[in-house]
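Novice: File query-v2.txt follows (compact mmCIF, C-alpha atoms):
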# COMPACT_ATOMS: atom_id res chain seq x y z
CA MET A 1 292.31 -9.08 -15.31
CA ARG A 2 291.05 -7.23 -12.20
CA ARG A 3 293.29 -4.87 -10.31
CA ASP A 4 292.95 -3.92 -6.64
CA PRO A 5 293.18 -0.24 -5.75
CA PRO A 6 296.46 0.81 -4.33
CA ARG A 7 296.71 0.58 -0.55
CA ILE A 8 297.64 3.79 1.13
CA PRO A 9 299.86 3.43 4.17
CA PRO A 10 298.14 4.41 7.42
CA SER A 11 300.77 6.99 8.18
CA ILE A 12 299.66 9.07 5.18
CA LEU A 13 295.95 9.05 6.03
CA PRO A 14 294.50 11.61 8.45
CA ARG A 15 294.05 10.41 11.99
CA ASP A 16 290.31 10.55 11.67
CA GLU A 17 290.36 8.45 8.53
CA VAL A 18 292.55 5.67 9.83
CA LEU A 19 290.78 2.55 8.91
CA SER A 20 290.07 0.31 11.80
CA PRO A 21 288.20 -2.89 11.81
CA ASP A 22 284.65 -2.63 13.05
CA PRO A 23 284.39 -3.75 16.68
CA ALA A 24 282.30 -6.76 17.31
CA PRO A 25 278.89 -5.84 18.69
CA GLN A 26 278.58 -6.47 22.41
CA ALA A 27 275.47 -7.90 23.87
CA GLU A 28 273.57 -5.54 26.18
CA PRO A 29 273.44 -6.77 29.78
CA GLU A 30 270.05 -7.86 30.84
CA PRO A 31 268.58 -5.72 33.68
CA ASP A 32 268.41 -7.35 37.03
CA PRO A 33 264.89 -8.29 37.88
CA GLN A 34 263.54 -5.89 40.62
CA PRO A 35 261.85 -7.49 43.55
CA GLU A 36 258.15 -6.87 43.74
CA VAL A 37 257.28 -4.26 46.42
CA GLN A 38 254.34 -5.32 48.48
CA GLU A 39 252.05 -2.55 49.79
CA PRO A 40 251.76 -2.54 53.57
CA ALA A 41 248.44 -3.61 54.85
CA ARG A 42 246.24 -0.68 55.98
CA ILE A 43 245.68 -0.50 59.68
CA ARG A 44 242.03 -0.05 60.42
CA ARG A 45 241.68 2.33 63.34
CA SER A 46 238.81 1.87 65.67
CA PRO A 47 236.28 4.74 65.86
CA TRP A 48 236.63 4.62 69.63
CA ARG A 49 240.33 5.36 69.24
CA ARG A 50 239.58 8.40 67.09
CA LEU A 51 237.01 9.57 69.58
CA GLY A 52 239.48 9.17 72.41
CA ARG A 53 242.13 11.17 70.57
CA GLY A 54 239.65 13.98 69.83
CA LEU A 55 238.55 14.02 73.45
CA LEU A 56 242.17 14.20 74.60
CA TRP A 57 242.87 17.23 72.38
CA THR A 58 239.67 18.89 73.58
CA LEU A 59 240.62 18.41 77.22
CA LEU A 60 244.11 19.76 76.52
CA LEU A 61 242.64 22.85 74.86
CA LEU A 62 240.23 23.40 77.73
CA PHE A 63 243.08 23.06 80.19
CA VAL A 64 245.09 25.71 78.37
CA LEU A 65 242.07 28.01 78.20
CA SER A 66 241.34 27.41 81.87
CA LEU A 67 244.69 28.96 82.73
CA VAL A 68 243.69 32.30 81.19
CA PRO A 69 241.04 33.41 83.74
CA PRO A 70 243.23 32.68 86.78
CA GLY A 71 246.10 34.56 85.14
CA VAL A 72 243.94 37.60 84.43
CA VAL A 73 242.39 37.58 87.91
CA LEU A 74 245.80 37.23 89.54
CA ALA A 75 247.22 40.14 87.51
CA LEU A 76 244.31 42.39 88.52
CA ARG A 77 245.09 41.79 92.17
CA TRP A 78 247.79 44.48 91.88
CA LYS A 79 246.91 46.31 88.65
CA ALA A 80 243.95 48.67 88.36
CA PRO A 81 241.52 47.47 85.67
CA PRO A 82 241.49 49.94 82.76
CA THR A 83 237.80 49.16 82.11
CA SER A 84 235.17 46.51 82.78
CA ALA A 85 232.76 44.39 80.79
CA PHE A 86 229.78 46.46 81.96
CA MET A 87 231.48 49.72 80.94
CA MET A 88 232.09 48.43 77.40
CA GLN A 89 228.43 47.34 77.13
CA SER A 90 226.92 50.45 78.70
CA PRO A 91 224.21 52.14 76.60
CA THR A 92 225.62 55.51 77.72
CA GLN A 93 228.88 56.26 75.94
CA PRO A 94 231.42 57.54 76.74
CA VAL A 95 231.31 56.43 80.34
CA GLN A 96 232.69 58.36 83.31
CA TYR A 97 235.31 56.34 85.16
CA GLN A 98 238.26 57.32 87.32
CA TRP A 99 240.17 54.83 89.44
CA VAL A 100 241.16 55.85 92.96
CA PRO A 101 243.06 53.73 95.50
CA ALA A 102 241.46 52.46 98.67
CA SER A 103 243.09 55.25 100.68
CA GLN A 104 240.95 57.80 98.77
CA ILE A 105 237.65 56.08 99.61
CA PRO A 106 236.08 57.09 102.96
CA ASP A 107 235.23 54.48 105.57
CA THR A 108 231.63 55.71 105.65
CA LEU A 109 231.17 54.71 102.00
CA ARG A 110 232.67 51.28 102.64
CA ALA A 111 230.38 50.74 105.61
CA ALA A 112 227.33 52.05 103.73
CA VAL A 113 227.89 49.74 100.74
CA ILE A 114 228.43 46.70 102.97
CA ALA A 115 225.29 47.54 104.96
CA ALA A 116 223.22 47.99 101.82
CA GLU A 117 224.54 45.15 99.64
CA ASP A 118 226.23 42.42 101.71
CA GLN A 119 226.30 42.58 105.49
CA LYS A 120 228.08 39.19 105.71
CA PHE A 121 230.84 40.23 103.31
CA TYR A 122 233.71 39.53 105.69
CA THR A 123 232.37 36.15 106.86
CA HIS A 124 231.34 34.27 103.68
CA TRP A 125 233.40 32.77 100.84
CA GLY A 126 231.63 34.46 97.98
CA PHE A 127 228.08 33.16 98.46
CA ASP A 128 225.47 33.87 101.13
CA PHE A 129 223.35 30.72 101.01
CA ILE A 130 221.00 31.90 103.76
CA ALA A 131 220.24 35.10 101.84
CA ILE A 132 219.75 33.07 98.64
CA ALA A 133 217.20 30.80 100.35
CA GLU A 134 215.37 33.77 101.88
CA ALA A 135 215.30 35.59 98.52
CA LEU A 136 213.88 32.54 96.72
CA GLU A 137 211.18 32.14 99.35
CA HIS A 138 210.33 35.85 99.25
CA ASN A 139 210.23 36.06 95.45
CA GLU A 140 207.77 33.17 95.25
CA LYS A 141 205.27 35.03 97.43
CA SER A 142 205.74 38.66 96.37
CA ARG A 143 206.06 40.67 93.18
CA LYS A 144 208.64 42.84 94.94
CA LYS A 145 211.73 40.91 93.90
CA ARG A 146 214.76 40.69 96.16
CA GLY A 147 218.27 39.77 95.09
CA ALA A 148 220.90 37.84 97.03
CA SER A 149 224.14 38.50 95.14
CA THR A 150 227.14 39.22 97.31
CA ILE A 151 229.68 41.96 96.67
CA THR A 152 232.09 39.34 95.31
CA GLN A 153 229.48 38.06 92.84
CA GLN A 154 228.69 41.58 91.68
CA THR A 155 232.39 42.33 91.23
CA ALA A 156 232.86 39.19 89.12
CA LYS A 157 229.80 39.99 87.01
CA ASN A 158 230.59 43.68 86.46
CA LEU A 159 234.27 43.08 85.70
CA PHE A 160 234.19 40.04 83.41
CA LEU A 161 230.63 39.18 82.24
CA TRP A 162 227.50 40.68 80.71
CA PRO A 163 224.24 41.97 82.28
CA SER A 164 221.70 39.58 80.69
CA ARG A 165 220.58 36.67 82.85
CA SER A 166 221.26 33.10 81.66
CA TRP A 167 222.52 29.80 83.00
CA LEU A 168 225.81 30.27 81.13
CA ARG A 169 226.43 33.61 82.80
CA LYS A 170 225.52 32.18 86.19
CA GLY A 171 228.00 29.35 85.70
CA LEU A 172 230.80 31.71 84.71
CA GLU A 173 229.85 34.02 87.58
CA VAL A 174 230.32 31.15 90.04
CA THR A 175 233.75 30.39 88.52
CA PHE A 176 235.00 33.96 88.69
CA THR A 177 233.55 34.42 92.18
CA LEU A 178 235.56 31.47 93.47
CA LEU A 179 238.69 32.78 91.74
CA LEU A 180 238.28 36.23 93.32
CA GLU A 181 237.80 34.77 96.78
CA ALA A 182 240.82 32.49 96.33
CA LEU A 183 243.25 35.01 94.80
CA TRP A 184 242.20 38.38 96.22
CA PRO A 185 241.91 39.59 99.81
CA LYS A 186 238.59 41.01 100.95
CA GLU A 187 239.85 44.58 100.96
CA ARG A 188 240.93 44.28 97.31
CA ILE A 189 237.51 42.93 96.31
CA LEU A 190 235.79 45.87 98.02
CA GLU A 191 238.23 48.37 96.50
CA VAL A 192 237.62 47.10 92.95
CA TYR A 193 233.86 46.97 93.49
CA LEU A 194 233.68 50.58 94.67
CA ASN A 195 235.66 51.63 91.58
CA ILE A 196 233.65 49.76 88.92
CA ALA A 197 230.11 49.76 90.38
CA GLU A 198 227.56 51.79 88.45
CA PHE A 199 226.05 54.69 90.44
CA GLY A 200 224.15 56.30 87.56
CA PRO A 201 223.72 56.02 83.78
CA GLY A 202 227.29 55.75 82.48
CA ILE A 203 228.81 56.76 85.85
CA TYR A 204 231.15 54.09 87.21
CA GLY A 205 233.09 54.22 90.43
CA ALA A 206 232.86 56.25 93.62
CA GLU A 207 235.15 59.02 92.34
CA ALA A 208 233.11 59.72 89.19
CA ALA A 209 229.86 59.53 91.17
CA ALA A 210 231.06 61.93 93.88
CA ARG A 211 232.24 64.50 91.34
CA THR A 212 229.07 64.17 89.22
CA PHE A 213 226.46 64.26 91.97
CA PHE A 214 228.14 66.28 94.74
CA ASP A 215 230.95 68.24 92.99
CA LYS A 216 233.62 66.88 95.30
CA PRO A 217 236.15 64.02 95.37
CA ALA A 218 235.19 60.75 96.94
CA ARG A 219 237.43 61.24 99.97
CA GLU A 220 235.30 64.25 101.05
CA LEU A 221 231.92 62.48 101.00
CA SER A 222 229.78 62.91 104.10
CA PRO A 223 227.96 59.98 105.73
CA ALA A 224 224.65 61.11 104.21
CA GLU A 225 226.16 61.37 100.73
CA SER A 226 227.78 57.96 101.11
CA ALA A 227 224.42 56.51 102.10
CA ARG A 228 222.81 58.07 99.02
CA LEU A 229 225.34 56.42 96.72
CA ALA A 230 224.89 53.06 98.41
CA ALA A 231 221.09 53.34 98.31
CA VAL A 232 220.90 53.48 94.49
CA LEU A 233 223.18 50.50 93.78
CA PRO A 234 220.35 47.98 93.13
CA ASN A 235 218.98 50.10 90.27
CA PRO A 236 221.37 52.95 89.46
CA ARG A 237 219.88 53.77 86.05
CA LYS A 238 216.51 54.73 87.56
CA TRP A 239 217.09 55.76 91.16
CA LYS A 240 218.73 59.13 91.70
CA ALA A 241 221.45 59.79 94.25
CA ARG A 242 221.35 63.56 93.79
CA SER A 243 217.61 63.96 94.40
CA PRO A 244 216.29 60.76 96.00
CA GLY A 245 212.60 59.96 95.89
CA PRO A 246 210.56 58.65 98.84
CA TYR A 247 211.71 55.02 98.57
CA VAL A 248 215.39 55.85 98.02
CA GLN A 249 215.25 58.28 100.95
CA SER A 250 213.83 55.53 103.14
CA ARG A 251 216.79 53.37 102.13
CA VAL A 252 219.16 56.24 102.95
CA ASP A 253 217.69 56.57 106.45
CA TRP A 254 217.87 52.80 106.95
CA ILE A 255 221.54 52.68 105.83
CA LEU A 256 222.48 55.58 108.11
CA ALA A 257 220.88 53.76 111.04
CA GLN A 258 222.80 50.60 110.14
CA ILE A 259 226.19 52.34 110.17
CA GLY A 260 225.49 54.36 113.33
CA TYR A 261 224.78 57.81 111.87
CA GLY A 262 221.01 57.87 112.10
CA PRO A 263 218.39 57.65 114.85
CA LYS A 264 217.94 54.24 116.34
CA PRO A 265 214.65 52.63 115.32
CA ALA A 266 212.04 52.36 118.02
CA ALA A 267 210.80 48.91 116.94
CA ASP A 268 212.47 45.82 115.56
CA SER A 269 210.33 46.01 112.42
CA GLU A 270 211.99 49.30 111.51
CA MET A 271 215.38 47.55 111.37
CA GLU A 272 214.33 45.57 108.28
CA GLU A 273 215.44 46.79 104.88
CA PRO A 274 212.72 48.73 103.02
CA LEU A 275 211.20 46.77 100.17
CA PRO A 276 211.26 48.29 96.68
CA PRO A 277 208.04 49.61 95.16
CA GLU A 278 205.83 47.39 93.06
CA PRO A 279 207.39 46.98 89.60
CA LEU A 280 205.50 48.06 86.53
CA PRO A 281 204.12 45.36 84.19
CA GLY A 282 207.00 43.77 82.31
CA GLU A 283 209.62 45.48 84.48
CA SER A 284 212.21 43.64 86.56
CA GLN A 285 213.56 44.96 89.82
CA LEU A 286 216.66 42.76 89.79
CA GLU A 287 218.06 43.78 86.41
CA PRO A 288 217.96 47.52 85.62
CA ALA A 289 216.54 48.21 82.20
CA PRO A 290 218.52 50.51 79.89
CA GLU A 291 217.22 54.03 79.63
CA PRO A 292 215.94 55.31 76.29
CA GLU A 293 217.93 57.85 74.38
CA GLY A 294 217.45 61.45 75.37
CA ALA A 295 216.35 62.74 78.73
CA PRO A 296 215.46 59.82 80.99
CA ALA A 297 211.95 59.79 82.38
CA GLU A 298 211.59 59.65 86.11
CA PRO A 299 210.10 56.35 87.30
CA ALA A 300 206.80 56.29 89.12
CA GLY A 301 207.17 56.89 92.83
CA GLU A 302 210.70 58.26 92.47
CA ALA A 303 210.10 61.86 91.35
CA PRO A 304 212.92 64.12 92.44
CA ILE A 305 212.35 66.61 95.17
CA GLU A 306 212.23 70.01 93.51
CA GLU A 307 213.63 72.90 95.45
CA PRO A 308 211.70 76.18 95.29
CA PRO A 309 213.36 78.77 93.06
CA ALA A 310 215.40 81.37 94.84
CA ASP A 311 213.76 84.79 95.09
CA THR A 312 216.15 87.26 93.49
CA THR A 313 214.00 90.39 94.07
CA ALA A 314 214.90 92.77 96.85
CA PRO A 315 212.83 92.20 99.96
CA ALA A 316 210.14 94.81 100.48
CA GLU A 317 210.35 97.04 103.52
CA PRO A 318 208.02 95.92 106.27
CA MET A 319 204.86 98.03 106.63
CA PRO A 320 204.21 99.54 110.03
CA PRO A 321 201.31 97.93 111.79
CA ALA A 322 198.04 99.82 111.45
CA GLU A 323 196.80 101.52 114.58
CA VAL A 324 193.46 100.17 115.66
CA PRO A 325 191.45 102.61 117.85
CA THR A 326 190.67 101.06 121.14
CA GLU A 327 187.76 102.06 123.34
CA PRO A 328 188.02 101.96 127.09
CA ALA A 329 186.47 98.89 128.51
CA PRO A 330 183.17 99.63 130.34
CA ALA A 331 183.41 99.58 134.08
CA ALA A 332 182.01 96.53 135.67
CA GLU A 333 178.72 97.15 137.48
CA GLU A 334 178.90 96.65 141.19
CA ALA A 335 176.78 93.90 142.48
CA PRO A 336 174.13 94.95 145.03
CA PRO A 337 175.05 94.17 148.60
CA ALA A 338 173.65 90.98 149.90
CA THR A 339 170.80 91.46 152.42
CA GLU A 340 170.72 89.44 155.55
CA ALA A 341 167.79 87.14 156.00
CA PRO A 342 165.44 88.12 158.93
CA PRO A 343 165.68 85.96 162.00
CA PRO A 344 162.95 83.42 162.35
CA SER A 345 160.08 84.51 164.63
Give the structure from the file, written as structure tokens.
Specialist:
Amino acid sequence: MRRDPPRIPPSILPRDEVLSPDPAPQAEPEPDPQPEVQEPARIRRSPWRRLGRGLLWTLLLLFVLSLVPPGVVLALRWKAPPTSAFMMQSPTQPVQYQWVPASQIPDTLRAAVIAAEDQKFYTHWGFDFIAIAEALEHNEKSRKKRGASTITQQTAKNLFLWPSRSWLRKGLEVTFTLLLEALWPKERILEVYLNIAEFGPGIYGAEAAARTFFDKPARELSPAESARLAAVLPNPRKWKARSPGPYVQSRVDWILAQIGYGPKPAADSEMEEPLPPEPLPGESQLEPAPEPEGAPAEPAGEAPIEEPPADTTAPAEPMPPAEVPTEPAPAAEEAPPATEAPPPS
């Protein structure tokens, strides 16, 4: 006979060992079916649309960049430029440069520069088209080249651009010339030009030139010294303001006559500006070539006028004149008395 094991009351068993009937297994809920996500159709952009967007960004960038030059030019209307593009590219370093206000520049230098470089400065808007046409006609017939840049063009070139000649530089020169004429008065253009123009190798501005060549400030320049500085502006790295050669001296005399400090020319032909000497083969008269390192050689036809050395020896006492014995002059023989002719018989 089989016996069942004794049943222990639940109250005696530990709580963890309380027998409990196994729970019925529950069926796992089926996951909800997710809707299929359809990929959006790709929009095919036209190449013309891409080109238009690139062109729009390019124009926007150019517009932003175009605001920089007017801002710089407008700021320099009241602020003295600390340097210029030509000074930074000068083969002679360090350069000599000292800014002076317009009140420290004599009127004779202003008049001399206008007479030498741009006699229509106060009447044009940056370009002298008559002078350009005359220069083109002259340069086609002669090897003696003649320029037609106005003072405003030279200021724009010296201040912002580079000396080499190219269509790109000419285009930028036109842009900056128009900006200077639109944003600066004429007196400011002339003041900046006289302070940044090159008067000798590495010598920029009227103040540095006056102190280098004449040992005086610019405000004390005489009319002749002002004419010398203005005469070398077309080629300041070869022509000398301190000791001008024959051609530069002819320009000095012509400038002095133009501003009323020299003799008036006797003929109308003498009123014309002297033409430069014939250039050497491969040499340009419009763009000054950089000087080689070391002592610069004097160009042909422009040798400086050498002054005779001062005689430091004591002057000798003058010798008394030698006495030359003189003989008394012989007495003149008396002519025989004239005899009267006998009367006719």
Novice: For a test of reading the model, state the distance in Å between CA of Ala133 in chain A and CA of Pro276 in chain A, rounded to one decimal.
Specialist: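 We find that CA of Ala133 in chain A and CA of Pro276 in chain A lie 18.8 Å from each other.
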Novice: Counting all atoms listed in the file, which of A:Ile196, A:Ile105, A:Leu60, A:Val248 gets nearest to Leu159 in chain A?
Specialist: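 For Leu159 in chain A, the nearest of the given residues is A:Ile196.
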Novice: Might you pull out every residue within 8 Å of Lys240 in chain A, with all atoms listed in the file counted and same-chain residues fewer than 5 positions away left off, and present them as a list of chain:residue names?
Specialist: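 Within the cut-off, the hits are A:Gly200, A:Val232, A:Gly245, A:Val248, A:Pro304.
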Novice: Name the closest residue to Gln98 in chain A among the candidates A:Ala230, A:Ala80, A:Leu61, A:Leu180; distances are taken between atoms, counting only C-alpha atoms.
Specialist: A:Ala80
Novice: Report, in Å to a single decimal, how far apart CA of Glu273 in chain A and CA of Ile132 in chain A are.
Specialist: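 Separation of CA of Ile132 in chain A and CA of Glu273 in chain A: 15.7 Å.
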Novice: Excluding Val174 in chain A and residues on its chain fewer than 6 positions from it, collect all residues at most 9 Å away from it, counting only C-alpha atoms, and give them as a PyMOL selection string.
Specialist: chain A and resi 126-127+153+156
Novice: May I ask which of the residues A:Lys120, A:Leu229, A:Val95, A:Pro234 is the closest one to Gly147 in chain A, counting all atoms listed in the file?
Specialist: A:Pro234
Novice: Hey, can you check how far CA of Ala241 in chain A sits from CA of Glu225 in chain A?
Specialist: 8.2 Å
Novice: Could you pull the residues within 10 Å of Gly260 in chain A, counting all atoms listed in the file, minus those fewer than 5 positions along the same chain, as number ranges by chain?
Specialist: A: 108, 111, 223, 255
Novice: What would the list of residues within 8 Å of (235.5, 51.9, 92.9) (file frame) look like as a ChimeraX atom specification, if all atoms listed in the file are what count?
Specialist: /A:99-100,190-197,204-207
Novice: Using only C-alpha atoms, which of A:Phe176, A:Phe129, A:Trp184, A:Trp167 sits nearest Lys79 in chain A?
Specialist: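 For Lys79 in chain A, the nearest of the candidates is A:Trp184.
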Novice: Of the candidates A:Thr212, A:Ser243, A:Thr175, A:Gln249, which shows the shortest atom-to-atom distance to Pro69 in chain A, using only C-alpha atoms?
Specialist: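 That would be A:Thr175, the residue with the smallest distance to Pro69 in chain A.
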Novice: Would you mind listing what lies within 9 Å of Pro217 in chain A as a PyMOL selection string, with all atoms listed in the file counted and same-chain residues fewer than 5 positions away left out?
Specialist: chain A and resi 104+206-211
